[in-house]
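Source file: model_1.cif (mmCIF, C-alpha atoms)
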data_structure
loop_
_atom_site.group_PDB
_atom_site.id
_atom_site.type_symbol
_atom_site.label_atom_id
_atom_site.label_comp_id
_atom_site.auth_asym_id
_atom_site.auth_seq_id
_atom_site.Cartn_x
_atom_site.Cartn_y
_atom_site.Cartn_z
ATOM 1 C CA MET A 1 -9.727 -15.780 -31.664
ATOM 2 C CA ARG A 2 -11.925 -18.863 -31.647
ATOM 3 C CA ASP A 3 -15.209 -18.784 -29.729
ATOM 4 C CA PHE A 4 -15.494 -21.741 -27.361
ATOM 5 C CA SER A 5 -18.546 -20.557 -25.426
ATOM 6 C CA HIS A 6 -20.747 -23.198 -27.084
ATOM 7 C CA ASP A 7 -18.109 -25.473 -28.571
ATOM 8 C CA HIS A 8 -15.481 -27.734 -27.037
ATOM 9 C CA SER A 9 -14.642 -29.725 -30.158
ATOM 10 C CA VAL A 10 -10.933 -28.826 -29.861
ATOM 11 C CA LEU A 11 -10.705 -29.599 -26.150
ATOM 12 C CA ALA A 12 -8.172 -32.305 -25.268
ATOM 13 C CA LEU A 13 -7.544 -34.090 -21.988
ATOM 14 C CA ASN A 14 -4.008 -34.677 -20.812
ATOM 15 C CA THR A 15 -4.467 -37.676 -18.541
ATOM 16 C CA ALA A 16 -2.273 -36.059 -15.878
ATOM 17 C CA THR A 17 -5.457 -34.141 -15.036
ATOM 18 C CA LEU A 18 -6.771 -37.432 -13.612
ATOM 19 C CA GLY A 19 -3.467 -38.269 -11.913
ATOM 20 C CA HIS A 20 -2.303 -40.794 -14.487
ATOM 21 C CA ASN A 21 1.221 -39.383 -14.647
ATOM 22 C CA VAL A 22 1.977 -40.528 -11.094
ATOM 23 C CA PRO A 23 1.747 -44.178 -9.970
ATOM 24 C CA GLY A 24 -1.021 -44.591 -7.416
ATOM 25 C CA ALA A 25 -2.530 -41.139 -7.958
ATOM 26 C CA GLY A 26 -6.153 -40.535 -8.876
ATOM 27 C CA VAL A 27 -8.558 -43.468 -9.081
ATOM 28 C CA GLY A 28 -6.477 -45.347 -11.600
ATOM 29 C CA TRP A 29 -8.719 -45.460 -14.648
ATOM 30 C CA SER A 30 -7.505 -47.593 -17.534
ATOM 31 C CA PRO A 31 -6.758 -45.911 -20.862
ATOM 32 C CA GLU A 32 -9.845 -47.594 -22.280
ATOM 33 C CA ARG A 33 -12.131 -46.145 -19.623
ATOM 34 C CA THR A 34 -10.600 -42.716 -20.102
ATOM 35 C CA ILE A 35 -11.216 -42.961 -23.851
ATOM 36 C CA ASP A 36 -14.868 -43.890 -23.296
ATOM 37 C CA ALA A 37 -15.441 -41.066 -20.799
ATOM 38 C CA CYS A 38 -13.983 -38.543 -23.228
ATOM 39 C CA ALA A 39 -16.022 -39.875 -26.152
ATOM 40 C CA GLU A 40 -19.224 -39.665 -24.101
ATOM 41 C CA ARG A 41 -18.567 -35.977 -23.386
ATOM 42 C CA GLY A 42 -17.387 -34.888 -26.815
ATOM 43 C CA ILE A 43 -13.800 -34.415 -25.635
ATOM 44 C CA ASN A 44 -12.184 -35.129 -28.964
ATOM 45 C CA GLY A 45 -8.497 -35.158 -28.016
ATOM 46 C CA LEU A 46 -6.358 -37.179 -25.607
ATOM 47 C CA VAL A 47 -2.732 -37.009 -24.526
ATOM 48 C CA PHE A 48 -1.391 -40.033 -22.691
ATOM 49 C CA TRP A 49 1.676 -40.540 -20.529
ATOM 50 C CA ARG A 50 4.170 -43.215 -21.461
ATOM 51 C CA ARG A 51 3.642 -45.235 -18.290
ATOM 52 C CA GLU A 52 -0.004 -45.777 -19.293
ATOM 53 C CA ILE A 53 0.569 -47.116 -22.774
ATOM 54 C CA GLU A 54 3.834 -49.031 -22.502
ATOM 55 C CA GLY A 55 3.667 -52.219 -24.556
ATOM 56 C CA LYS A 56 0.189 -51.491 -25.906
ATOM 57 C CA ALA A 57 0.439 -48.151 -27.700
ATOM 58 C CA ALA A 58 -0.869 -49.434 -31.037
ATOM 59 C CA ALA A 59 -3.892 -51.091 -29.425
ATOM 60 C CA ILE A 60 -4.753 -47.999 -27.391
ATOM 61 C CA GLY A 61 -4.409 -45.777 -30.431
ATOM 62 C CA ALA A 62 -6.748 -48.032 -32.396
ATOM 63 C CA ARG A 63 -9.231 -48.077 -29.511
ATOM 64 C CA ALA A 64 -9.271 -44.272 -29.402
ATOM 65 C CA ARG A 65 -9.845 -44.000 -33.150
ATOM 66 C CA GLU A 66 -12.740 -46.457 -32.934
ATOM 67 C CA ALA A 67 -14.301 -44.241 -30.248
ATOM 68 C CA GLY A 68 -13.839 -41.114 -32.376
ATOM 69 C CA VAL A 69 -11.172 -39.620 -30.102
ATOM 70 C CA ARG A 70 -7.872 -38.416 -31.516
ATOM 71 C CA VAL A 71 -4.654 -39.142 -29.628
ATOM 72 C CA VAL A 72 -3.063 -35.707 -29.914
ATOM 73 C CA GLY A 73 0.308 -36.452 -28.385
ATOM 74 C CA LEU A 74 2.418 -38.311 -25.852
ATOM 75 C CA CYS A 75 4.119 -37.167 -22.655
ATOM 76 C CA ARG A 76 7.033 -37.249 -22.765
ATOM 77 C CA ALA A 77 10.555 -37.780 -24.052
ATOM 78 C CA PRO A 78 13.082 -38.785 -21.378
ATOM 79 C CA PHE A 79 15.056 -36.115 -19.575
ATOM 80 C CA LEU A 80 17.963 -35.365 -21.896
ATOM 81 C CA VAL A 81 20.335 -33.717 -19.432
ATOM 82 C CA GLY A 82 20.653 -32.993 -15.733
ATOM 83 C CA PRO A 83 20.518 -35.030 -12.531
ATOM 84 C CA LEU A 84 17.314 -36.896 -13.466
ATOM 85 C CA ALA A 85 18.566 -38.033 -16.882
ATOM 86 C CA ALA A 86 20.142 -41.408 -17.565
ATOM 87 C CA ARG A 87 23.879 -41.320 -16.964
ATOM 88 C CA HIS A 88 24.943 -42.506 -20.423
ATOM 89 C CA ARG A 89 24.030 -40.535 -23.546
ATOM 90 C CA GLU A 90 23.413 -43.746 -25.494
ATOM 91 C CA ASP A 91 20.734 -44.747 -22.969
ATOM 92 C CA VAL A 92 19.092 -41.339 -23.332
ATOM 93 C CA ALA A 93 19.109 -41.608 -27.117
ATOM 94 C CA ASP A 94 17.709 -45.156 -27.038
ATOM 95 C CA ASP A 95 14.841 -44.129 -24.752
ATOM 96 C CA PHE A 96 14.224 -41.040 -26.870
ATOM 97 C CA ARG A 97 13.800 -43.209 -29.962
ATOM 98 C CA LYS A 98 11.529 -45.557 -28.012
ATOM 99 C CA ALA A 99 9.304 -42.609 -27.054
ATOM 100 C CA ILE A 100 9.163 -41.599 -30.728
ATOM 101 C CA ASP A 101 8.140 -45.164 -31.634
ATOM 102 C CA GLU A 102 5.380 -45.109 -29.005
ATOM 103 C CA THR A 103 4.084 -41.791 -30.315
ATOM 104 C CA ALA A 104 3.888 -43.185 -33.836
ATOM 105 C CA GLU A 105 2.241 -46.416 -32.661
ATOM 106 C CA LEU A 106 -0.447 -44.397 -30.889
ATOM 107 C CA GLY A 107 -1.179 -42.571 -34.124
ATOM 108 C CA ALA A 108 -0.197 -39.278 -32.495
ATOM 109 C CA ASP A 109 2.151 -36.812 -34.136
ATOM 110 C CA VAL A 110 3.586 -34.772 -31.242
ATOM 111 C CA LEU A 111 6.031 -35.917 -28.576
ATOM 112 C CA THR A 112 6.592 -33.371 -25.823
ATOM 113 C CA ILE A 113 10.141 -32.751 -24.630
ATOM 114 C CA VAL A 114 10.970 -31.727 -21.069
ATOM 115 C CA THR A 115 14.701 -31.243 -21.261
ATOM 116 C CA GLY A 116 15.927 -32.063 -17.784
ATOM 117 C CA GLY A 117 17.901 -29.749 -15.537
ATOM 118 C CA VAL A 118 21.403 -28.374 -15.334
ATOM 119 C CA GLN A 119 24.135 -30.839 -16.235
ATOM 120 C CA VAL A 120 25.897 -32.266 -13.210
ATOM 121 C CA GLY A 121 29.211 -30.514 -12.683
ATOM 122 C CA THR A 122 28.228 -27.357 -14.579
ATOM 123 C CA LYS A 123 26.810 -23.980 -13.592
ATOM 124 C CA GLY A 124 24.185 -21.919 -15.354
ATOM 125 C CA VAL A 125 22.257 -23.254 -18.345
ATOM 126 C CA GLN A 126 24.340 -22.577 -21.454
ATOM 127 C CA GLU A 127 26.267 -25.851 -21.523
ATOM 128 C CA SER A 128 23.111 -27.798 -20.773
ATOM 129 C CA LEU A 129 21.143 -26.085 -23.547
ATOM 130 C CA LYS A 130 23.919 -26.899 -26.019
ATOM 131 C CA ALA A 131 23.754 -30.541 -24.966
ATOM 132 C CA VAL A 132 19.962 -30.505 -25.387
ATOM 133 C CA ALA A 133 20.279 -29.123 -28.905
ATOM 134 C CA GLY A 134 22.804 -31.806 -29.819
ATOM 135 C CA CYS A 135 20.633 -34.602 -28.490
ATOM 136 C CA ILE A 136 17.547 -33.359 -30.316
ATOM 137 C CA ALA A 137 19.408 -32.852 -33.575
ATOM 138 C CA GLY A 138 20.580 -36.450 -33.355
ATOM 139 C CA VAL A 139 17.069 -37.925 -33.262
ATOM 140 C CA LEU A 140 15.163 -35.490 -35.485
ATOM 141 C CA PRO A 141 15.717 -37.493 -38.695
ATOM 142 C CA TYR A 142 14.414 -40.599 -36.914
ATOM 143 C CA ALA A 143 11.360 -38.679 -35.694
ATOM 144 C CA ALA A 144 10.720 -37.309 -39.181
ATOM 145 C CA SER A 145 10.866 -40.806 -40.692
ATOM 146 C CA SER A 146 8.236 -41.850 -38.103
ATOM 147 C CA GLY A 147 5.947 -38.905 -38.822
ATOM 148 C CA VAL A 148 6.511 -37.459 -35.347
ATOM 149 C CA ARG A 149 6.990 -33.806 -34.453
ATOM 150 C CA LEU A 150 8.989 -32.849 -31.355
ATOM 151 C CA ALA A 151 7.710 -30.037 -29.121
ATOM 152 C CA LEU A 152 10.126 -28.336 -26.726
ATOM 153 C CA GLU A 153 8.274 -27.291 -23.599
ATOM 154 C CA PRO A 154 9.885 -24.528 -21.535
ATOM 155 C CA LEU A 155 9.210 -24.951 -17.825
ATOM 156 C CA HIS A 156 8.827 -22.350 -15.095
ATOM 157 C CA PRO A 157 12.215 -21.211 -13.691
ATOM 158 C CA MET A 158 11.502 -22.917 -10.373
ATOM 159 C CA TYR A 159 12.290 -26.198 -12.166
ATOM 160 C CA GLY A 160 15.625 -24.950 -13.468
ATOM 161 C CA GLY A 161 17.816 -27.095 -11.246
ATOM 162 C CA ASP A 162 16.551 -30.616 -11.854
ATOM 163 C CA ARG A 163 13.708 -30.748 -14.387
ATOM 164 C CA SER A 164 14.399 -28.122 -17.021
ATOM 165 C CA CYS A 165 17.345 -26.025 -18.099
ATOM 166 C CA LEU A 166 14.930 -24.612 -20.708
ATOM 167 C CA MET A 167 12.884 -21.935 -18.975
ATOM 168 C CA THR A 168 11.725 -19.425 -21.577
ATOM 169 C CA THR A 169 9.942 -19.587 -24.901
ATOM 170 C CA ARG A 170 12.776 -17.423 -26.250
ATOM 171 C CA ASP A 171 15.398 -20.061 -25.479
ATOM 172 C CA ALA A 172 13.198 -22.812 -26.907
ATOM 173 C CA LEU A 173 12.857 -20.897 -30.164
ATOM 174 C CA ASP A 174 16.580 -20.208 -30.216
ATOM 175 C CA ILE A 175 17.129 -23.972 -30.273
ATOM 176 C CA CYS A 176 14.516 -24.325 -33.009
ATOM 177 C CA ASP A 177 16.249 -21.619 -35.049
ATOM 178 C CA PHE A 178 19.653 -23.247 -34.551
ATOM 179 C CA ILE A 179 18.492 -26.710 -35.649
ATOM 180 C CA ASN A 180 16.057 -25.449 -38.298
ATOM 181 C CA ALA A 181 13.914 -28.543 -38.845
ATOM 182 C CA ASP A 182 10.264 -28.603 -39.848
ATOM 183 C CA ASN A 183 9.377 -31.191 -37.219
ATOM 184 C CA LEU A 184 10.796 -29.247 -34.262
ATOM 185 C CA GLY A 185 8.658 -26.665 -32.482
ATOM 186 C CA VAL A 186 7.371 -25.656 -29.059
ATOM 187 C CA ALA A 187 4.598 -26.502 -26.630
ATOM 188 C CA ILE A 188 3.176 -23.541 -24.720
ATOM 189 C CA ASP A 189 1.918 -24.411 -21.229
ATOM 190 C CA VAL A 190 0.109 -21.630 -19.375
ATOM 191 C CA TYR A 191 1.464 -22.863 -16.039
ATOM 192 C CA HIS A 192 5.029 -22.354 -17.164
ATOM 193 C CA VAL A 193 4.846 -19.166 -19.242
ATOM 194 C CA TRP A 194 2.070 -16.983 -17.797
ATOM 195 C CA TRP A 195 4.582 -14.775 -15.931
ATOM 196 C CA ASP A 196 6.772 -13.973 -18.967
ATOM 197 C CA THR A 197 6.262 -10.373 -20.127
ATOM 198 C CA ASP A 198 8.162 -11.176 -23.340
ATOM 199 C CA LEU A 199 5.725 -13.975 -24.206
ATOM 200 C CA PRO A 200 3.582 -12.113 -26.791
ATOM 201 C CA ARG A 201 6.659 -11.210 -28.841
ATOM 202 C CA GLN A 202 8.012 -14.746 -28.657
ATOM 203 C CA LEU A 203 4.685 -16.291 -29.651
ATOM 204 C CA ALA A 204 4.559 -14.063 -32.715
ATOM 205 C CA ARG A 205 8.102 -15.196 -33.496
ATOM 206 C CA ALA A 206 7.097 -18.832 -33.082
ATOM 207 C CA GLY A 207 4.350 -18.699 -35.685
ATOM 208 C CA ARG A 208 3.504 -22.138 -37.043
ATOM 209 C CA ARG A 209 6.126 -23.731 -34.805
ATOM 210 C CA ILE A 210 3.614 -23.871 -31.926
ATOM 211 C CA PHE A 211 2.784 -27.576 -31.813
ATOM 212 C CA GLY A 212 0.784 -27.633 -28.587
ATOM 213 C CA PHE A 213 -1.095 -25.375 -26.166
ATOM 214 C CA HIS A 214 -1.689 -26.494 -22.566
ATOM 215 C CA LEU A 215 -4.319 -25.069 -20.236
ATOM 216 C CA CYS A 216 -4.470 -24.885 -16.442
ATOM 217 C CA ASP A 217 -4.024 -21.996 -13.984
ATOM 218 C CA TRP A 218 -1.508 -20.640 -11.488
ATOM 219 C CA LEU A 219 -2.911 -20.478 -7.966
ATOM 220 C CA ALA A 220 -1.966 -17.311 -6.103
ATOM 221 C CA HIS A 221 -1.231 -19.329 -2.961
ATOM 222 C CA THR A 222 0.071 -22.552 -4.420
ATOM 223 C CA SER A 223 1.014 -25.187 -1.856
ATOM 224 C CA ASP A 224 3.214 -27.355 -4.087
ATOM 225 C CA PHE A 225 5.172 -26.155 -7.108
ATOM 226 C CA LEU A 226 4.754 -29.465 -8.924
ATOM 227 C CA LEU A 227 1.422 -30.912 -7.815
ATOM 228 C CA ASP A 228 -0.852 -27.928 -7.103
ATOM 229 C CA ARG A 229 -1.938 -26.503 -10.432
ATOM 230 C CA GLY A 230 -5.288 -24.799 -10.648
ATOM 231 C CA MET A 231 -8.303 -25.527 -12.786
ATOM 232 C CA MET A 232 -8.817 -22.827 -15.381
ATOM 233 C CA GLY A 233 -10.342 -19.747 -13.768
ATOM 234 C CA ASP A 234 -9.120 -20.479 -10.245
ATOM 235 C CA GLY A 235 -5.835 -18.604 -10.548
ATOM 236 C CA VAL A 236 -4.109 -15.494 -11.837
ATOM 237 C CA ALA A 237 -3.034 -16.426 -15.381
ATOM 238 C CA ASP A 238 -4.477 -14.414 -18.272
ATOM 239 C CA LEU A 239 -5.871 -17.434 -20.087
ATOM 240 C CA ARG A 240 -7.709 -15.606 -22.846
ATOM 241 C CA GLY A 241 -4.869 -13.187 -23.394
ATOM 242 C CA ILE A 242 -2.365 -16.000 -23.842
ATOM 243 C CA ARG A 243 -4.692 -17.999 -26.076
ATOM 244 C CA SER A 244 -5.342 -14.915 -28.191
ATOM 245 C CA ALA A 245 -1.604 -14.499 -28.769
ATOM 246 C CA VAL A 246 -1.133 -18.217 -29.472
ATOM 247 C CA GLU A 247 -3.903 -18.193 -32.067
ATOM 248 C CA ALA A 248 -2.734 -14.912 -33.585
ATOM 249 C CA ALA A 249 0.551 -16.712 -34.273
ATOM 250 C CA GLY A 250 -1.381 -19.239 -36.348
ATOM 251 C CA TYR A 251 -2.170 -22.051 -33.912
ATOM 252 C CA GLN A 252 -5.586 -23.628 -34.520
ATOM 253 C CA GLY A 253 -5.068 -27.005 -32.882
ATOM 254 C CA PHE A 254 -6.286 -28.671 -29.708
ATOM 255 C CA CYS A 255 -6.264 -26.956 -26.320
ATOM 256 C CA GLU A 256 -4.938 -29.527 -23.886
ATOM 257 C CA VAL A 257 -5.911 -29.392 -20.219
ATOM 258 C CA GLU A 258 -3.032 -30.584 -18.013
ATOM 259 C CA ILE A 259 -3.523 -30.189 -14.268
ATOM 260 C CA PHE A 260 -1.247 -31.752 -11.649
ATOM 261 C CA SER A 261 -3.274 -31.542 -8.435
ATOM 262 C CA ALA A 262 -2.557 -34.157 -5.777
ATOM 263 C CA ALA A 263 -4.522 -32.474 -2.984
ATOM 264 C CA ASN A 264 -7.581 -31.361 -4.964
ATOM 265 C CA TRP A 265 -8.548 -32.534 -8.456
ATOM 266 C CA TRP A 266 -6.918 -35.949 -8.234
ATOM 267 C CA LYS A 267 -9.035 -36.661 -5.144
ATOM 268 C CA ARG A 268 -12.314 -36.035 -6.969
ATOM 269 C CA GLU A 269 -14.323 -38.400 -9.103
ATOM 270 C CA PRO A 270 -12.928 -38.269 -12.644
ATOM 271 C CA GLU A 271 -16.398 -37.696 -14.108
ATOM 272 C CA GLU A 272 -16.710 -34.519 -12.033
ATOM 273 C CA VAL A 273 -13.275 -33.325 -13.108
ATOM 274 C CA LEU A 274 -14.102 -33.824 -16.786
ATOM 275 C CA ASP A 275 -17.450 -32.059 -16.526
ATOM 276 C CA ILE A 276 -15.962 -29.059 -14.721
ATOM 277 C CA MET A 277 -13.104 -29.006 -17.220
ATOM 278 C CA ILE A 278 -15.581 -28.665 -20.094
ATOM 279 C CA ASP A 279 -17.519 -25.918 -18.313
ATOM 280 C CA ARG A 280 -14.390 -23.911 -17.496
ATOM 281 C CA PHE A 281 -13.050 -24.335 -21.029
ATOM 282 C CA ARG A 282 -16.219 -22.786 -22.408
ATOM 283 C CA SER A 283 -16.595 -20.067 -19.801
ATOM 284 C CA VAL A 284 -13.091 -18.764 -18.973
ATOM 285 C CA CYS A 285 -10.684 -19.897 -21.686
#
Would you mind giving the structure from this file in structure tokens?
Amino acid sequence: MRDFSHDHSVLALNTATLGHNVPGAGVGWSPERTIDACAERGINGLVFWRREIEGKAAAIGARAREAGVRVVGLCRAPFLVGPLAARHREDVADDFRKAIDETAELGADVLTIVTGGVQVGTKGVQESLKAVAGCIAGVLPYAASSGVRLALEPLHPMYGGDRSCLMTTRDALDICDFINADNLGVAIDVYHVWWDTDLPRQLARAGRRIFGFHLCDWLAHTSDFLLDRGMMGDGVADLRGIRSAVEAAGYQGFCEVEIFSAANWWKREPEEVLDIMIDRFRSVC
């Protein structure tokens, strides 16, 4: 297991930690200012959200490289199924390919997939998961030709109705096994998987198919299931235990901090958030 007590060279900021995933949240820093703040602090990785970079992905990617910051990935592909997805499959596929293009233009190599919830008119998740697999299989060759890897991110079961029919690392890997493509893997987010007692076995099964690792914490008395994540060390997740299992599986990439926090961290000065993020990464992760 890597020692981060005096080293944060593989720390990455997901800009949702500053509220950039939600219009009007946070203080509204530009991508350029975020890049500069990360470079000043030795935060070497960045993950943007599509709404930030639309129409200027190539320029933002070049700006990050000039500053010495790597754009690690992009959030996220469109919802593929469920009530929040586009009604027509062709529209979903078109937007999916657009997200792949944006990832490539940024110079990133990982596009995160949040599947979307249970298909309208169906019950349970099996039909929806089959539809997800079909949609992903349809765009994988396009992603491969663009040099982009796709990372399935299982979400906590509380999102099962509308945001994600994919709720366990096991089911994500089942899709990976079924499709069997080198550029399809998983993203492991502490917020979504910390509760899963089968996680160590599934991480070992995942091996080199872990394309991303996301850090935050689960607050014991959370006030909002979507927008009240904790800073690392403030909650009940076994951060070091999960990271140990992720790295034992072979993952040696960036550790991406992604904190949705409308009532706390998004109300603070971004400089403070970044400085505390570095300290917590070194001390509790």
Residues of region 98-181 of chain A at most 12 Å from region 61-76 of chain A: nearest atom pair and distance in Å, only C-alpha atoms, as JSON lines:
{"residue": "A:Lys98", "atom": "CA", "partner": "A:Arg76", "partner_atom": "CA", "distance": 10.8}
{"residue": "A:Ala99", "atom": "CA", "partner": "A:Arg76", "partner_atom": "CA", "distance": 7.2}
{"residue": "A:Ile100", "atom": "CA", "partner": "A:Leu74", "partner_atom": "CA", "distance": 8.9}
{"residue": "A:Asp101", "atom": "CA", "partner": "A:Leu74", "partner_atom": "CA", "distance": 10.6}
{"residue": "A:Glu102", "atom": "CA", "partner": "A:Leu74", "partner_atom": "CA", "distance": 8.1}
{"residue": "A:Thr103", "atom": "CA", "partner": "A:Leu74", "partner_atom": "CA", "distance": 5.9}
{"residue": "A:Ala104", "atom": "CA", "partner": "A:Gly61", "partner_atom": "CA", "distance": 9.3}
{"residue": "A:Glu105", "atom": "CA", "partner": "A:Gly61", "partner_atom": "CA", "distance": 7.0}
{"residue": "A:Leu106", "atom": "CA", "partner": "A:Gly61", "partner_atom": "CA", "distance": 4.2}
{"residue": "A:Gly107", "atom": "CA", "partner": "A:Gly61", "partner_atom": "CA", "distance": 5.9}
{"residue": "A:Ala108", "atom": "CA", "partner": "A:Gly73", "partner_atom": "CA", "distance": 5.0}
{"residue": "A:Asp109", "atom": "CA", "partner": "A:Gly73", "partner_atom": "CA", "distance": 6.0}
{"residue": "A:Val110", "atom": "CA", "partner": "A:Gly73", "partner_atom": "CA", "distance": 4.7}
{"residue": "A:Leu111", "atom": "CA", "partner": "A:Leu74", "partner_atom": "CA", "distance": 5.1}
{"residue": "A:Thr112", "atom": "CA", "partner": "A:Arg76", "partner_atom": "CA", "distance": 5.0}
{"residue": "A:Ile113", "atom": "CA", "partner": "A:Arg76", "partner_atom": "CA", "distance": 5.8}
{"residue": "A:Val114", "atom": "CA", "partner": "A:Arg76", "partner_atom": "CA", "distance": 7.0}
{"residue": "A:Thr115", "atom": "CA", "partner": "A:Arg76", "partner_atom": "CA", "distance": 9.9}
{"residue": "A:Gly116", "atom": "CA", "partner": "A:Arg76", "partner_atom": "CA", "distance": 11.4}
{"residue": "A:Val148", "atom": "CA", "partner": "A:Gly73", "partner_atom": "CA", "distance": 9.4}
{"residue": "A:Arg149", "atom": "CA", "partner": "A:Gly73", "partner_atom": "CA", "distance": 9.4}
{"residue": "A:Leu150", "atom": "CA", "partner": "A:Arg76", "partner_atom": "CA", "distance": 9.8}
{"residue": "A:Ala151", "atom": "CA", "partner": "A:Arg76", "partner_atom": "CA", "distance": 9.6}
{"residue": "A:Leu152", "atom": "CA", "partner": "A:Arg76", "partner_atom": "CA", "distance": 10.2}
{"residue": "A:Glu153", "atom": "CA", "partner": "A:Arg76", "partner_atom": "CA", "distance": 10.1}
Residue members of the PyMOL selection byres ((chain A and resi 222) around 12) in the file shown, as a list of chain:residue names: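 That selection, the PyMOL selection byres ((chain A and resi 222) around 12), comes back as A:Tyr191, A:Asp217, A:Trp218, A:Leu219, A:Ala220, A:His221, A:Ser223, A:Asp224, A:Phe225, A:Leu226, A:Leu227, A:Asp228, A:Arg229, A:Gly230, A:Asp234, A:Gly235, A:Val236, A:Phe260, A:Ser261, A:Ala262, A:Ala263, A:Asn264.
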Write a file of the just-selected residues containing C-alpha atoms, as a PDB file, in the coordinates of the input.
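Result written to part.pdb:
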ATOM      1  CA  TYR A 191       1.464 -22.863 -16.039  1.00  0.00           C
ATOM      2  CA  ASP A 217      -4.024 -21.996 -13.984  1.00  0.00           C
ATOM      3  CA  TRP A 218      -1.508 -20.640 -11.488  1.00  0.00           C
ATOM      4  CA  LEU A 219      -2.911 -20.478  -7.966  1.00  0.00           C
ATOM      5  CA  ALA A 220      -1.966 -17.311  -6.103  1.00  0.00           C
ATOM      6  CA  HIS A 221      -1.231 -19.329  -2.961  1.00  0.00           C
ATOM      7  CA  SER A 223       1.014 -25.187  -1.856  1.00  0.00           C
ATOM      8  CA  ASP A 224       3.214 -27.355  -4.087  1.00  0.00           C
ATOM      9  CA  PHE A 225       5.172 -26.155  -7.108  1.00  0.00           C
ATOM     10  CA  LEU A 226       4.754 -29.465  -8.924  1.00  0.00           C
ATOM     11  CA  LEU A 227       1.422 -30.912  -7.815  1.00  0.00           C
ATOM     12  CA  ASP A 228      -0.852 -27.928  -7.103  1.00  0.00           C
ATOM     13  CA  ARG A 229      -1.938 -26.503 -10.432  1.00  0.00           C
ATOM     14  CA  GLY A 230      -5.288 -24.799 -10.648  1.00  0.00           C
ATOM     15  CA  ASP A 234      -9.120 -20.479 -10.245  1.00  0.00           C
ATOM     16  CA  GLY A 235      -5.835 -18.604 -10.548  1.00  0.00           C
ATOM     17  CA  VAL A 236      -4.109 -15.494 -11.837  1.00  0.00           C
ATOM     18  CA  PHE A 260      -1.247 -31.752 -11.649  1.00  0.00           C
ATOM     19  CA  SER A 261      -3.274 -31.542  -8.435  1.00  0.00           C
ATOM     20  CA  ALA A 262      -2.557 -34.157  -5.777  1.00  0.00           C
ATOM     21  CA  ALA A 263      -4.522 -32.474  -2.984  1.00  0.00           C
ATOM     22  CA  ASN A 264      -7.581 -31.361  -4.964  1.00  0.00           C
TER      23      ASN A 264
END
query: Written as JSON, numbers by chain, what is the full residue list that the PyMOL selection byres ((chain A and resi 176) around 10) yields on the file shown?
result: {"A": [133, 136, 137, 151, 152, 170, 171, 172, 173, 174, 175, 177, 178, 179, 180, 181, 182, 183, 184, 185, 186, 206, 209]}
Residues matched by the PyMOL selection byres ((chain A and resi 48-56) around 7), written as a PyMOL selection string: chain A and resi 14-15+21+31+46-47+57-60+73-76
task: Would you mind reading off the distance between CA of Ala77 (chain A) and CA of Ile210 (chain A), one decimal, in Å?
output: 17.4 Å
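Ranking A:Ser164, A:Thr169, A:Ala144, A:Gly82 by their shortest atom-to-atom distance to Asp198 (chain A), with all atoms listed in the file included, puts A:Thr169 first.
Minimum atom-to-atom distances from A:Ala39, A:Met277, A:Cys135, A:Arg282 to Trp265 (chain A) were compared using all atoms listed in the file, and the lowest value belongs to A:Met277.
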- prompt: Distance CA of Ala37 (chain A)-CA of Gly19 (chain A), one decimal place?
  reply: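 A separation of 15.2 Å between them.
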query: So which one's closest to Val246 (chain A), A:Met1, A:Pro154, A:Thr168, A:Ala16? Using all atoms listed in the file, please.
result: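 When distances to Val246 (chain A) are compared using all atoms listed in the file, the smallest one comes from A:Met1.
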query: Expressed in Å to a single decimal, how great is the separation between CA of Arg97 (chain A) and CA of Gly134 (chain A)?
result: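 Answer for the CA of Arg97 (chain A) to CA of Gly134 (chain A) separation: 14.5 Å.
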Edge lengths and centre in Å to one decimal, as lines of an AutoDock Vina configuration file, is what I'm after for the box along x, y and z that holds all listed atoms of region 246-253 of chain A once 6 Å is added on each side.
center_x = -2.5
center_y = -21.0
center_z = -32.9
size_x = 18.1
size_y = 24.1
size_z = 18.9
- request: Return the single residue from A:Lys130, A:Arg243, A:His214, A:Lys123 that is closest to Glu258 (chain A), with distances computed using all atoms listed in the file.
  value: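 Closest candidate: A:His214.
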If you count only C-alpha atoms, which residues fall within 6 Å of Ser128 (chain A), apart from same-chain ones fewer than 3 positions away, as a CSV table (one decimal) with C-alpha atoms, in the frame of the given file?
chain,number,residue,atom,x,y,z
A,118,VAL,CA,21.4,-28.4,-15.3
A,119,GLN,CA,24.1,-30.8,-16.2
A,125,VAL,CA,22.3,-23.3,-18.3
A,131,ALA,CA,23.8,-30.5,-25.0
message: Env of Asp91 (chain A): 12 Å cut, atoms = all atoms listed in the file, seq-sep filter 5 positions within chain, self excluded. Answer as a list in words.
response: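 Listed by chain and then number, they are Pro78, Phe79, Leu80, Val81, Ala85, Ala86, Phe96, Arg97, Lys98 and Cys135 of chain A.
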- prompt: Which of these, A:His156, A:Gly161, A:Tyr142, A:Gly212, has the shortest distance to Trp195 (chain A) once you count all atoms listed in the file?
  reply: A:His156
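Among the candidates A:Phe4, A:His20, A:Glu247, A:Pro83, the residue lying nearest to Asp162 (chain A) is A:Pro83 (atoms considered: all atoms listed in the file).
Residues in contact with Glu269 (chain A) at up to 9 Å, not including ones fewer than 4 positions away on its chain and judged by all atoms listed in the file, are Leu18, Gly26, Val27, Trp265, Val273 and Leu274 of chain A.
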Residue subset to file, keeping C-alpha atoms, as an mmCIF file, in the coordinates of the input:
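Just written: part.cif:
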data_model
loop_
_atom_site.group_PDB
_atom_site.id
_atom_site.type_symbol
_atom_site.label_atom_id
_atom_site.label_comp_id
_atom_site.auth_asym_id
_atom_site.auth_seq_id
_atom_site.Cartn_x
_atom_site.Cartn_y
_atom_site.Cartn_z
ATOM 1 C CA LEU A 18 -6.771 -37.432 -13.612
ATOM 2 C CA GLY A 26 -6.153 -40.535 -8.876
ATOM 3 C CA VAL A 27 -8.558 -43.468 -9.081
ATOM 4 C CA TRP A 265 -8.548 -32.534 -8.456
ATOM 5 C CA VAL A 273 -13.275 -33.325 -13.108
ATOM 6 C CA LEU A 274 -14.102 -33.824 -16.786
#
